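**Q** Below are the structure tokens for one structure; questions will follow.
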Amino acid sequence: MREIKFQVFTEDWKGVKKCFDCYSLYLLEEIPLSFGKPKDGRWYKVAFTNSEGDKETVVVDRDKIRMFTGLKDKNGKEIYEGDLLTDYGEAPPLYVEYSEEHGAYCFVDKFDPSGTVYYTPLMIYYEQMEVIGNIFQDGDLLRDS
């Protein structure tokens, strides 16, 4: 059975900005107007352990939450949504995203010269790949490619 785990990309009260492991996550029924309008129309309250080991909560929209895919790379590192993976070939790193069309987590390749976006199910190649970062903290790896 796949382990259900989440991370949140946020800044803690010490000013450390990174992906933190969550220990609680829930959808807010009422949207506080002071938070503005989230991209998907919903806010989530997330509790996480911060950089000092203390408990902290934050309210974010879905694009700041990363779900564990249940898979690990060739080095045994857990693969989350938004992770950047490479096989150290000449191709730029690929990132992980859930595809409704494929019903699976996929590698996303948006670097085709024709502008076509390719989705390859993660299950096919994940054991050959290595996590080298994530789109939140290392997105420049995608832009520089």
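As shown in the structure tokens, the chain order sets the letters A, B, ...; within each chain, residues go from 1, and ligands are also counted from 1 in the order they appear.
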Extract the full set of strand (DSSP E or B) residues from segment 93-142 of chain A according to DSSP on the backbone, and format it as a list in words.

**A** Leu94, Tyr95, Val96, Glu97, Tyr98, Ser99, Ala104, Tyr105, Cys106, Phe107, Val108, Asp109, Tyr118, Tyr119, Thr120, Pro121, Glu130, Val131, Ile132, Gly133 and Asn134 of chain A

**Q** May I have all residues of chain A that DSSP, computed from the backbone, assigns to alpha helix (DSSP H), given as a list in words?

**A** Leu122, Met123, Ile124, Tyr125, Asp140, Leu141, Leu142 and Arg143 of chain A

**Q** Just want the 12 Å neighbourhood of segment 75-87 of chain A, counted on only C-alpha atoms, with same-chain residues fewer than 3 positions away dropped. Output as a PDB file with C-alpha atoms, in the first residue's frame.

**A**
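Ended up saving to selection10.pdb:
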```pdb
ATOM      1  CA  ARG A   2       1.256   3.476  -0.892  1.00  0.00           C
ATOM      2  CA  GLU A   3       2.168   5.780   1.964  1.00  0.00           C
ATOM      3  CA  ILE A   4       0.228   9.075   1.853  1.00  0.00           C
ATOM      4  CA  LYS A   5       2.517  12.020   2.623  1.00  0.00           C
ATOM      5  CA  PHE A   6       2.571  15.707   1.782  1.00  0.00           C
ATOM      6  CA  GLN A   7       4.996  18.605   1.771  1.00  0.00           C
ATOM      7  CA  VAL A   8       4.273  22.325   1.673  1.00  0.00           C
ATOM      8  CA  PHE A   9       6.434  24.999   0.068  1.00  0.00           C
ATOM      9  CA  CYS A  19       9.482  22.308   1.198  1.00  0.00           C
ATOM     10  CA  PHE A  20       8.542  21.172   4.713  1.00  0.00           C
ATOM     11  CA  ASP A  21       7.029  17.808   5.663  1.00  0.00           C
ATOM     12  CA  ARG A  62      -3.091  23.786  -3.774  1.00  0.00           C
ATOM     13  CA  ASP A  63      -0.116  24.784  -5.910  1.00  0.00           C
ATOM     14  CA  LYS A  64       2.082  25.019  -2.779  1.00  0.00           C
ATOM     15  CA  ILE A  65       1.278  21.457  -1.646  1.00  0.00           C
ATOM     16  CA  ARG A  66       3.260  18.470  -2.919  1.00  0.00           C
ATOM     17  CA  MET A  67       2.029  14.891  -2.675  1.00  0.00           C
ATOM     18  CA  PHE A  68       4.340  11.896  -2.367  1.00  0.00           C
ATOM     19  CA  THR A  69       4.077   9.695  -5.483  1.00  0.00           C
ATOM     20  CA  GLY A  70       4.801   6.512  -3.547  1.00  0.00           C
ATOM     21  CA  LEU A  71       7.973   5.995  -5.606  1.00  0.00           C
ATOM     22  CA  LYS A  72      11.677   6.470  -4.934  1.00  0.00           C
ATOM     23  CA  GLU A  90      21.906  15.562 -22.429  1.00  0.00           C
ATOM     24  CA  ALA A  91      18.202  16.284 -22.032  1.00  0.00           C
ATOM     25  CA  PRO A  92      17.059  18.952 -19.551  1.00  0.00           C
ATOM     26  CA  PRO A  93      15.590  17.764 -16.242  1.00  0.00           C
ATOM     27  CA  LEU A  94      11.955  16.705 -16.265  1.00  0.00           C
ATOM     28  CA  TYR A  95       9.455  17.495 -13.554  1.00  0.00           C
ATOM     29  CA  VAL A  96       6.761  15.358 -11.970  1.00  0.00           C
ATOM     30  CA  GLU A  97       3.086  16.250 -12.274  1.00  0.00           C
ATOM     31  CA  TYR A  98      -0.166  14.311 -11.907  1.00  0.00           C
ATOM     32  CA  SER A  99      -1.903  13.854 -15.264  1.00  0.00           C
ATOM     33  CA  ALA A 104      -0.860   8.686 -13.133  1.00  0.00           C
ATOM     34  CA  TYR A 105       2.096  10.753 -12.019  1.00  0.00           C
ATOM     35  CA  CYS A 106       4.116  11.612 -15.123  1.00  0.00           C
ATOM     36  CA  PHE A 107       7.367  13.175 -16.253  1.00  0.00           C
ATOM     37  CA  VAL A 108       6.460  16.396 -18.053  1.00  0.00           C
ATOM     38  CA  ASP A 109       8.534  17.483 -21.038  1.00  0.00           C
ATOM     39  CA  LEU A 122       6.599   7.952 -13.928  1.00  0.00           C
ATOM     40  CA  MET A 123       6.242   4.199 -13.346  1.00  0.00           C
ATOM     41  CA  TYR A 125      11.523   5.151 -15.783  1.00  0.00           C
ATOM     42  CA  TYR A 126      11.589   6.276 -12.151  1.00  0.00           C
ATOM     43  CA  GLU A 127      14.201   3.695 -11.091  1.00  0.00           C
ATOM     44  CA  GLN A 128      16.674   5.121 -13.640  1.00  0.00           C
ATOM     45  CA  MET A 129      16.151   8.741 -12.570  1.00  0.00           C
ATOM     46  CA  GLU A 130      17.573  10.872  -9.779  1.00  0.00           C
ATOM     47  CA  VAL A 131      15.851  13.710  -7.900  1.00  0.00           C
ATOM     48  CA  ILE A 132      17.995  16.838  -8.316  1.00  0.00           C
ATOM     49  CA  GLY A 133      15.630  19.444  -6.873  1.00  0.00           C
ATOM     50  CA  ASN A 134      12.093  20.756  -7.172  1.00  0.00           C
ATOM     51  CA  ILE A 135      10.316  23.440  -9.162  1.00  0.00           C
ATOM     52  CA  PHE A 136       9.930  25.695  -6.123  1.00  0.00           C
ATOM     53  CA  GLN A 137      13.549  25.929  -5.066  1.00  0.00           C
ATOM     54  CA  ASP A 138      15.372  24.914  -8.266  1.00  0.00           C
ATOM     55  CA  GLY A 139      13.074  26.117 -11.043  1.00  0.00           C
ATOM     56  CA  ASP A 140      16.034  27.884 -12.662  1.00  0.00           C
ATOM     57  CA  LEU A 141      17.277  24.421 -13.708  1.00  0.00           C
ATOM     58  CA  LEU A 142      14.254  24.226 -16.018  1.00  0.00           C
ATOM     59  CA  SER A 145      17.922  24.140 -20.002  1.00  0.00           C
TER      60      SER A 145
END
```

**Q** Point out the residue among A:Leu28, A:Glu100, A:Lys14, A:Lys37 with the least atom-to-atom distance to Gly53 of chain A, counting only C-alpha atoms.

**A**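 Smallest distance to Gly53 of chain A is found for A:Lys14.
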